[in-house]
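Note: the block below is entry-v5.txt and it holds compact mmCIF, C-alpha atoms.
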# COMPACT_ATOMS: atom_id res chain seq x y z
CA MET A 994 -5.89 -14.84 6.68
CA LYS A 995 -3.31 -12.27 7.66
CA LEU A 996 -0.08 -13.06 5.82
CA VAL A 997 3.32 -11.60 6.64
CA ARG A 998 6.95 -11.85 5.61
CA TYR A 999 9.43 -11.75 8.47
CA GLY A 1000 13.18 -11.66 8.91
CA ALA A 1001 16.16 -9.61 7.79
CA GLU A 1002 15.80 -7.51 4.67
CA GLY A 1003 16.31 -9.65 1.59
CA CYS A 1004 15.95 -12.87 3.60
CA GLU A 1005 12.28 -12.70 4.61
CA ARG A 1006 10.31 -15.88 5.23
CA PRO A 1007 6.55 -16.33 4.75
CA GLY A 1008 4.34 -16.33 7.81
CA MET A 1009 0.77 -16.12 9.03
CA LEU A 1010 -0.87 -14.65 12.10
CA ASP A 1011 -2.87 -17.04 14.25
CA GLY A 1012 -6.14 -16.20 16.01
CA GLN A 1013 -4.31 -14.56 18.91
CA GLY A 1014 -2.08 -12.46 16.67
CA GLY A 1015 0.92 -14.74 17.14
CA LEU A 1016 3.38 -15.25 14.31
CA ARG A 1017 3.50 -18.68 12.65
CA ASP A 1018 5.98 -19.92 10.06
CA LEU A 1019 4.75 -20.88 6.58
CA SER A 1020 8.08 -21.73 4.98
CA GLY A 1021 7.35 -25.46 5.19
CA LEU A 1022 4.41 -24.92 2.84
CA LEU A 1023 5.61 -22.23 0.43
CA ARG A 1024 8.81 -20.46 -0.50
CA ASP A 1025 7.50 -16.90 -0.41
CA ILE A 1026 4.42 -14.71 -0.70
CA ASP A 1027 4.98 -13.50 -4.24
CA PRO A 1028 3.37 -13.49 -7.69
CA GLN A 1029 4.37 -17.10 -8.28
CA ALA A 1030 2.54 -18.19 -5.13
CA MET A 1031 -0.54 -16.26 -6.30
CA VAL A 1032 -0.43 -18.05 -9.66
CA ARG A 1033 -0.35 -21.39 -7.89
CA GLY A 1034 -3.51 -20.51 -5.96
CA LEU A 1035 -2.15 -19.27 -2.64
CA GLN A 1036 -5.49 -18.75 -0.91
CA ASP A 1037 -6.83 -22.16 -1.92
CA SER A 1038 -3.64 -23.90 -0.86
CA LEU A 1039 -3.65 -22.23 2.57
CA GLY A 1040 -7.41 -22.27 3.12
CA ALA A 1041 -7.34 -25.57 4.98
CA VAL A 1042 -4.24 -24.77 7.02
CA ASP A 1043 -4.72 -24.68 10.79
CA ALA A 1044 -2.50 -21.82 11.92
CA GLU A 1045 -2.30 -23.27 15.43
CA ARG A 1046 -0.43 -26.29 14.04
CA LEU A 1047 2.23 -24.22 12.31
CA PRO A 1048 5.60 -23.58 14.00
CA ARG A 1049 5.40 -20.61 16.36
CA ILE A 1050 7.92 -17.79 15.92
CA ASP A 1051 8.89 -16.28 19.25
CA GLY A 1052 10.12 -12.76 19.83
CA THR A 1053 9.52 -9.79 17.57
CA PRO A 1054 11.36 -10.30 14.28
CA ARG A 1055 11.40 -7.55 11.68
CA LEU A 1056 8.41 -7.55 9.34
CA GLY A 1057 9.11 -6.88 5.69
CA PRO A 1058 6.56 -5.93 3.05
CA PRO A 1059 3.99 -8.76 3.05
CA LEU A 1060 4.20 -9.12 -0.73
CA ALA A 1061 7.50 -9.87 -2.48
CA ARG A 1062 8.52 -8.61 -5.91
CA PRO A 1063 5.24 -7.31 -7.36
CA GLY A 1064 5.39 -7.13 -11.14
CA LYS A 1065 3.70 -3.72 -11.12
CA ILE A 1066 2.83 -1.06 -8.59
CA ILE A 1067 -0.03 0.96 -10.07
CA ALA A 1068 -1.31 4.06 -8.31
CA ILE A 1069 -4.52 6.05 -8.54
CA GLY A 1070 -4.30 9.81 -8.04
CA LEU A 1071 -6.85 12.32 -6.77
CA ASN A 1072 -9.30 9.60 -5.69
CA TYR A 1073 -10.78 11.54 -2.76
CA VAL A 1074 -12.71 14.75 -3.48
CA ASP A 1075 -11.13 16.61 -0.57
CA HIS A 1076 -7.61 15.72 -1.72
CA ALA A 1077 -8.29 16.84 -5.30
CA LYS A 1078 -9.57 20.17 -3.95
CA GLU A 1079 -6.62 20.74 -1.61
CA SER A 1080 -4.25 19.97 -4.52
CA GLY A 1081 -5.95 22.60 -6.65
CA MET A 1082 -6.85 20.03 -9.29
CA ALA A 1083 -10.13 19.11 -10.97
CA ILE A 1084 -12.14 16.20 -9.60
CA PRO A 1085 -11.36 13.44 -12.12
CA ALA A 1086 -14.03 12.01 -14.39
CA GLU A 1087 -11.90 8.88 -14.84
CA PRO A 1088 -9.20 7.39 -12.59
CA VAL A 1089 -5.84 9.17 -12.75
CA VAL A 1090 -3.23 6.45 -13.25
CA PHE A 1091 0.53 6.47 -12.68
CA MET A 1092 3.18 3.91 -11.75
CA LYS A 1093 5.64 3.46 -8.92
CA ALA A 1094 8.80 1.41 -9.46
CA PRO A 1095 8.78 -1.99 -7.68
CA SER A 1096 12.04 -0.88 -5.99
CA THR A 1097 9.97 1.57 -3.90
CA LEU A 1098 8.70 -1.33 -1.77
CA SER A 1099 9.65 -1.11 1.91
CA GLY A 1100 8.67 -2.73 5.20
CA PRO A 1101 6.06 -1.24 7.57
CA TYR A 1102 8.57 -0.32 10.28
CA ASP A 1103 11.69 0.34 8.19
CA ASP A 1104 13.02 3.89 8.33
CA VAL A 1105 12.85 5.74 5.02
CA PRO A 1106 15.87 7.82 3.98
CA LYS A 1107 15.10 11.24 2.54
CA PRO A 1108 16.69 11.32 -0.93
CA ALA A 1109 19.36 13.97 -1.35
CA LYS A 1110 17.55 15.46 -4.35
CA ALA A 1111 14.06 15.40 -2.79
CA GLU A 1112 13.06 18.99 -2.05
CA LYS A 1113 9.34 18.51 -1.28
CA MET A 1114 8.92 15.06 0.27
CA ASP A 1115 5.30 14.31 1.17
CA TRP A 1116 3.12 11.56 2.69
CA GLU A 1117 -0.04 9.80 1.43
CA VAL A 1118 -1.78 7.02 3.40
CA GLU A 1119 -3.55 4.63 1.00
CA LEU A 1120 -5.52 1.41 0.75
CA GLY A 1121 -3.71 -1.13 -1.42
CA ILE A 1122 -5.26 -3.90 -3.52
CA VAL A 1123 -3.30 -7.08 -4.26
CA ILE A 1124 -4.40 -8.78 -7.46
CA GLY A 1125 -4.90 -12.54 -7.16
CA LYS A 1126 -5.93 -13.58 -10.66
CA SER A 1127 -4.91 -12.45 -14.12
CA CYS A 1128 -7.60 -10.28 -15.69
CA ARG A 1129 -8.15 -8.23 -18.81
CA ASP A 1130 -11.28 -6.20 -19.65
CA VAL A 1131 -13.06 -7.43 -16.52
CA SER A 1132 -16.43 -5.88 -15.62
CA GLU A 1133 -17.00 -4.02 -12.36
CA ARG A 1134 -19.44 -6.76 -11.36
CA ASP A 1135 -16.74 -9.43 -11.70
CA ALA A 1136 -13.71 -7.38 -10.66
CA ALA A 1137 -13.82 -8.24 -6.94
CA GLY A 1138 -13.24 -11.91 -7.78
CA ASN A 1139 -9.77 -11.00 -9.07
CA ILE A 1140 -8.71 -9.36 -5.79
CA PHE A 1141 -6.61 -11.50 -3.44
CA GLY A 1142 -6.56 -9.07 -0.54
CA TYR A 1143 -5.71 -5.66 0.84
CA VAL A 1144 -2.76 -3.87 2.46
CA LEU A 1145 -1.90 -0.57 4.11
CA ALA A 1146 0.48 1.58 2.04
CA ASN A 1147 2.14 4.99 2.12
CA ASP A 1148 2.56 6.57 -1.32
CA LEU A 1149 5.52 8.76 -0.44
CA SER A 1150 6.19 11.44 -3.04
CA ASP A 1151 8.58 14.21 -3.87
CA ARG A 1152 6.37 17.01 -5.19
CA ALA A 1153 9.29 18.80 -6.88
CA PHE A 1154 10.08 15.86 -9.15
CA GLN A 1155 6.37 15.07 -9.50
CA LEU A 1156 5.05 18.51 -10.40
CA ASP A 1157 7.81 21.08 -10.91
CA ARG A 1158 10.33 19.35 -13.15
CA GLY A 1159 8.30 18.36 -16.21
CA GLY A 1160 7.31 14.93 -17.45
CA GLN A 1161 5.13 12.35 -15.75
CA TRP A 1162 4.37 11.90 -12.04
CA ASP A 1163 6.24 8.59 -11.87
CA LYS A 1164 9.69 10.02 -11.18
CA GLY A 1165 8.47 11.90 -8.10
CA LYS A 1166 6.90 8.69 -6.82
CA SER A 1167 9.67 6.17 -7.48
CA PHE A 1168 12.56 6.91 -5.14
CA ASP A 1169 13.78 3.85 -3.23
CA ARG A 1170 11.59 2.93 -0.22
CA PHE A 1171 8.83 5.34 -1.28
CA CYS A 1172 6.15 2.66 -0.87
CA PRO A 1173 6.11 1.20 2.66
CA VAL A 1174 3.56 -1.66 2.69
CA GLY A 1175 2.11 -3.82 5.46
CA PRO A 1176 2.37 -4.98 8.19
CA TYR A 1177 0.24 -7.76 6.74
CA LEU A 1178 -1.68 -8.79 3.66
CA VAL A 1179 -5.30 -9.44 4.59
CA THR A 1180 -7.26 -11.76 2.34
CA ARG A 1181 -10.45 -10.39 0.82
CA ASP A 1182 -12.76 -12.62 2.87
CA GLU A 1183 -11.49 -11.08 6.14
CA ILE A 1184 -12.73 -7.57 5.30
CA ALA A 1185 -16.51 -7.22 5.64
CA ASP A 1186 -16.67 -3.92 3.73
CA VAL A 1187 -13.48 -2.51 2.27
CA HIS A 1188 -15.35 0.73 1.52
CA ALA A 1189 -16.06 1.49 5.19
CA LEU A 1190 -12.58 1.56 6.76
CA ASP A 1191 -11.16 4.43 8.81
CA ILE A 1192 -7.85 5.66 7.37
CA TRP A 1193 -5.37 8.03 9.02
CA LEU A 1194 -1.80 9.32 9.16
CA SER A 1195 0.16 11.29 11.78
CA VAL A 1196 3.43 13.23 11.57
CA ASN A 1197 5.30 13.63 14.87
CA GLY A 1198 2.12 12.69 16.72
CA GLU A 1199 -0.08 15.23 14.90
CA ARG A 1200 -3.02 13.67 13.06
CA VAL A 1201 -2.88 15.23 9.59
CA GLN A 1202 -5.02 12.78 7.62
CA GLN A 1203 -8.30 11.32 8.89
CA SER A 1204 -10.98 9.90 6.60
CA ASN A 1205 -12.80 6.72 5.57
CA THR A 1206 -12.51 4.64 2.42
CA ARG A 1207 -16.21 5.31 1.70
CA GLN A 1208 -15.01 8.72 0.52
CA MET A 1209 -13.15 7.29 -2.48
CA ILE A 1210 -14.43 8.59 -5.83
CA PHE A 1211 -13.72 5.29 -7.60
CA ASN A 1212 -14.19 2.16 -5.49
CA CYS A 1213 -12.04 -0.97 -5.66
CA PRO A 1214 -14.04 -2.91 -8.30
CA ALA A 1215 -14.26 0.21 -10.45
CA ILE A 1216 -10.49 0.71 -10.23
CA VAL A 1217 -9.68 -2.91 -11.07
CA SER A 1218 -12.13 -2.90 -13.98
CA TYR A 1219 -10.77 0.39 -15.35
CA LEU A 1220 -7.12 -0.68 -15.11
CA SER A 1221 -7.91 -4.00 -16.80
CA GLN A 1222 -9.07 -2.02 -19.84
CA CYS A 1223 -5.59 -0.46 -20.09
CA MET A 1224 -3.35 -3.41 -19.22
CA THR A 1225 -3.45 -7.01 -18.10
CA LEU A 1226 -3.48 -7.17 -14.31
CA GLU A 1227 -1.42 -10.12 -13.10
CA PRO A 1228 -1.26 -12.06 -9.83
CA GLY A 1229 0.82 -10.18 -7.31
CA ASP A 1230 0.34 -6.75 -8.86
CA LEU A 1231 -0.20 -4.02 -6.26
CA VAL A 1232 -2.70 -1.22 -6.83
CA ILE A 1233 -2.75 1.70 -4.39
CA THR A 1234 -6.03 3.58 -4.47
CA GLY A 1235 -5.42 7.22 -3.58
CA THR A 1236 -5.20 9.34 -0.46
CA PRO A 1237 -7.58 11.65 1.43
CA ALA A 1238 -6.91 15.30 2.29
CA GLY A 1239 -4.19 16.30 4.71
CA VAL A 1240 -1.01 15.91 2.67
CA GLY A 1241 1.79 18.44 2.99
CA LEU A 1242 1.17 19.82 -0.49
CA GLY A 1243 -2.32 20.94 0.52
CA MET A 1244 -1.32 22.82 3.66
CA LYS A 1245 -1.10 26.61 3.72
CA PRO A 1246 1.78 27.13 3.50
CA PRO A 1247 2.82 23.70 2.16
CA ARG A 1248 4.65 21.53 4.67
CA TYR A 1249 7.17 18.93 3.58
CA LEU A 1250 9.31 16.28 5.24
CA ARG A 1251 12.83 17.47 6.00
CA GLY A 1252 14.14 14.40 7.80
CA GLY A 1253 13.79 13.24 11.38
CA GLU A 1254 9.97 13.06 11.39
CA LEU A 1255 8.10 10.14 12.93
CA ILE A 1256 5.42 8.83 10.57
CA GLU A 1257 2.53 6.70 11.84
CA LEU A 1258 -0.43 5.54 9.77
CA GLY A 1259 -3.16 2.94 9.72
CA ILE A 1260 -6.31 1.54 8.18
CA ALA A 1261 -8.91 -0.29 10.27
CA GLY A 1262 -8.37 -4.04 9.89
CA LEU A 1263 -5.12 -3.63 7.96
CA GLY A 1264 -2.77 -2.68 10.79
CA THR A 1265 -0.45 0.27 11.36
CA GLN A 1266 2.99 1.47 10.25
CA LYS A 1267 5.60 3.44 12.19
CA TYR A 1268 9.00 4.71 11.03
CA ARG A 1269 11.23 7.77 10.76
CA ILE A 1270 12.26 9.77 7.76
CA THR A 1271 16.04 9.77 8.11
CA ARG A 1272 18.38 12.45 6.83
Let me see the structure of the file written as structure tokens.
Amino acid sequence: MKLVRYGAEGCERPGMLDGQGGLRDLSGLLRDIDPQAMVRGLQDSLGAVDAERLPRIDGTPRLGPPLARPGKIIAIGLNYVDHAKESGMAIPAEPVVFMKAPSTLSGPYDDVPKPAKAEKMDWEVELGIVIGKSCRDVSERDAAGNIFGYVLANDLSDRAFQLDRGGQWDKGKSFDRFCPVGPYLVTRDEIADVHALDIWLSVNGERVQQSNTRQMIFNCPAIVSYLSQCMTLEPGDLVITGTPAGVGLGMKPPRYLRGGELIELGIAGLGTQKYRITR
């Protein structure tokens, strides 16, 4: 299944894509695509639904983030060898973990305003994991069973607040709209091999990131298992899994977003995003 949330910001309705990519309305079956729906067994409840029988939505309504109100957004840093090297940091022996505020969530085509205090705004295309079942101390072997599905995400960052101003990374990662997600949430069964997906990002038409998820240091089950040793992962939590090389921080000289840039990004099977950084 490819699940979406469509409509004006703050008033999104749940939807599903049919076999031809058409938008179908799910609001007669559930209120939203959110942690509560995950707890109630969203995939099982929709598994028998025939998308062709759902009401068709005509036109091109706005798509919001395909997951509403995640309890946690957990991020993994330096999870590609080439990105760790370009950042001048050691290749991690264990996952590097930080958090993004849930208020960073944004739609896949919504423009992102550059914060007034952001001096070194940067991009990071990432694979996102949506947790489907509560888990604690889960093994790598069993971790995949707790994954509901996957999304495309952009872990936008301000490197000044992240690296130059003391404290933890979180504050440089948690400005409003600094986590565009979507366009859709793809259930786990739709992805044959999540560790073999092309991943890319362009700025003003220039391809600056190009890699494949097979290059991740820690794969998805390893990440879920590791995080579950530190905290209980709950249905609807979002985990973003790190970015490959090609971020502005790693360029010589570094190159940051100043406002006005067109950002496009994608992961095979998970769709694409397109928006501007506004001043």
Is there a way to get, as a list of chain:residue names, all residues within 8 Å of the point (10.2, -12.8, -2.0) in file coordinates, counting only C-alpha atoms?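 Residues lying no farther than 8 Å from the given point: A:Gly1003, A:Glu1005, A:Arg1006, A:Arg1024, A:Asp1025, A:Ile1026, A:Asp1027, A:Leu1060, A:Ala1061, A:Arg1062.
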Quick one: distance from atom CA of Asp1151 of chain A to atom CA of Ile1192 of chain A in Å, one decimal?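 Answer for the atom CA of Asp1151 of chain A to atom CA of Ile1192 of chain A separation: 21.7 Å.
Closest approach to Pro1063 of chain A from the set A:Ala1111, A:Ala1094, A:Leu1156, A:Cys1128 is made by A:Ala1094, with distances taken over all atoms listed in the file.
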Could you give me, as JSON, numbers by chain, the residues that have an atom at most 10 Å away from the point (8.2, 9.8, -11.2) in the coordinates of the file, using all atoms listed in the file? {"A": [1091, 1092, 1093, 1094, 1150, 1151, 1152, 1154, 1155, 1156, 1158, 1159, 1160, 1161, 1162, 1163, 1164, 1165, 1166, 1167, 1168]}
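Reported to one decimal place, the separation of atom CA of Asp1148 of chain A from atom CA of Phe1171 of chain A is 6.4 Å.
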Point-to-point distance in Å for atom CA of Leu1255 of chain A and atom CA of Gly1057 of chain A: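 Between atom CA of Gly1057 of chain A and atom CA of Leu1255 of chain A the gap works out to 18.5 Å.
When all atoms listed in the file are used to compute distances to Ala1077 of chain A, the closest of the residues A:Thr1225, A:Ser1038, A:Gln1266, A:Thr1236 turns out to be A:Thr1236.
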Can you tell me, as an MDAnalysis selection string, what residues are no more than 10 Å from Pro1058 of chain A when counting only C-alpha atoms, ignoring any on the same chain fewer than 4 positions away? chainID A and resid 997:999 1002 1005 1026 1062 1098:1103 1144 1146 1172:1178
Between A:Cys1223, A:Ile1216, A:Leu1231, A:Leu1023, which residue has the minimum interatomic distance to Pro1095 of chain A, considering all atoms listed in the file?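 Closest residue, counting all atoms listed in the file: A:Leu1231.
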Close residues, segment 1132-1139 of chain A itself excluded, 6 Å, only C-alpha atoms, min 3 positions apart in chain, as a short mmCIF file (atom, residue, chain, number, x, y, z; two decimals) with C-alpha atoms, in the coordinates of the input:
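Result saved to selection_18.cif:
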data_model
loop_
_atom_site.label_atom_id
_atom_site.label_comp_id
_atom_site.auth_asym_id
_atom_site.auth_seq_id
_atom_site.Cartn_x
_atom_site.Cartn_y
_atom_site.Cartn_z
CA GLY A 1125 -4.90 -12.54 -7.16
CA LYS A 1126 -5.93 -13.58 -10.66
CA PRO A 1214 -14.04 -2.91 -8.30
CA ALA A 1215 -14.26 0.21 -10.45
CA SER A 1218 -12.13 -2.90 -13.98
#
Residues within 10 Å of Ala1238 of chain A, please, as a PyMOL selection string. Count only C-alpha atoms; anything in the same chain fewer than 6 positions from it doesn't count. chain A and resi 1071+1073-1080+1117-1118+1201-1204+1244
Nearest to Ile1066 of chain A: which of A:Glu1183, A:Thr1265, A:Asn1197, A:Ser1096 is it, counting all atoms listed in the file?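 Using all atoms listed in the file, the shortest distance to Ile1066 of chain A belongs to A:Ser1096.
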Which one is closest to Gly1198 of chain A: A:Arg1181, A:Lys1267, A:Arg1170, A:Arg1248? Count all atoms listed in the file.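 Among the listed residues, A:Lys1267 lies closest to Gly1198 of chain A.
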Could you pull the residues within 8 Å of Ile1260 of chain A, counting only C-alpha atoms, minus those fewer than 4 positions along the same chain, as an MDAnalysis selection string? chainID A and resid 1120 1145 1190:1193 1264:1265
Long-range neighbours of Leu1250 of chain A as a PyMOL selection string, 8 Å cut-off, all atoms listed in the file, 6 positions minimum in chain: chain A and resi 1113-1115+1270
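Candidate residues A:Glu1112, A:Gly1000, A:Gly1262, A:Val1196 were compared for distance to Asp1182 of chain A, and the nearest is A:Gly1262, using all atoms listed in the file.
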Output segment 1091-1106 of chain A with N, CA and C atoms present, as an mmCIF file, in the frame of the given file.
data_model
loop_
_atom_site.group_PDB
_atom_site.id
_atom_site.type_symbol
_atom_site.label_atom_id
_atom_site.label_comp_id
_atom_site.auth_asym_id
_atom_site.auth_seq_id
_atom_site.Cartn_x
_atom_site.Cartn_y
_atom_site.Cartn_z
ATOM 1 N N PHE A 1091 -0.917 6.355 -12.515
ATOM 2 C CA PHE A 1091 0.530 6.470 -12.680
ATOM 3 C C PHE A 1091 1.168 5.228 -12.067
ATOM 4 N N MET A 1092 2.470 5.095 -12.221
ATOM 5 C CA MET A 1092 3.180 3.910 -11.750
ATOM 6 C C MET A 1092 4.234 4.298 -10.716
ATOM 7 N N LYS A 1093 4.510 3.360 -9.824
ATOM 8 C CA LYS A 1093 5.640 3.460 -8.920
ATOM 9 C C LYS A 1093 6.561 2.271 -9.224
ATOM 10 N N ALA A 1094 7.861 2.492 -9.200
ATOM 11 C CA ALA A 1094 8.800 1.410 -9.460
ATOM 12 C C ALA A 1094 8.694 0.347 -8.363
ATOM 13 N N PRO A 1095 8.792 -0.940 -8.710
ATOM 14 C CA PRO A 1095 8.780 -1.990 -7.680
ATOM 15 C C PRO A 1095 9.867 -1.813 -6.614
ATOM 16 N N SER A 1096 10.952 -1.113 -6.961
ATOM 17 C CA SER A 1096 12.040 -0.880 -5.990
ATOM 18 C C SER A 1096 11.644 0.105 -4.899
ATOM 19 N N THR A 1097 10.444 0.691 -4.979
ATOM 20 C CA THR A 1097 9.970 1.570 -3.900
ATOM 21 C C THR A 1097 9.498 0.774 -2.683
ATOM 22 N N LEU A 1098 9.277 -0.524 -2.838
ATOM 23 C CA LEU A 1098 8.700 -1.330 -1.770
ATOM 24 C C LEU A 1098 9.574 -1.313 -0.521
ATOM 25 N N SER A 1099 8.938 -1.176 0.641
ATOM 26 C CA SER A 1099 9.650 -1.110 1.910
ATOM 27 C C SER A 1099 8.778 -1.737 2.992
ATOM 28 N N GLY A 1100 9.406 -2.122 4.097
ATOM 29 C CA GLY A 1100 8.670 -2.730 5.200
ATOM 30 C C GLY A 1100 7.905 -1.701 6.014
ATOM 31 N N PRO A 1101 6.942 -2.154 6.833
ATOM 32 C CA PRO A 1101 6.060 -1.240 7.570
ATOM 33 C C PRO A 1101 6.704 -0.521 8.736
ATOM 34 N N TYR A 1102 7.890 -0.971 9.157
ATOM 35 C CA TYR A 1102 8.570 -0.320 10.280
ATOM 36 C C TYR A 1102 9.999 0.071 9.930
ATOM 37 N N ASP A 1103 10.343 -0.019 8.639
ATOM 38 C CA ASP A 1103 11.690 0.340 8.190
ATOM 39 C C ASP A 1103 11.789 1.851 7.990
ATOM 40 N N ASP A 1104 12.812 2.461 8.553
ATOM 41 C CA ASP A 1104 13.020 3.890 8.330
ATOM 42 C C ASP A 1104 13.205 4.171 6.836
ATOM 43 N N VAL A 1105 12.777 5.346 6.419
ATOM 44 C CA VAL A 1105 12.850 5.740 5.020
ATOM 45 C C VAL A 1105 13.828 6.897 4.883
ATOM 46 N N PRO A 1106 14.920 6.718 4.141
ATOM 47 C CA PRO A 1106 15.870 7.820 3.980
ATOM 48 C C PRO A 1106 15.323 8.899 3.052
#
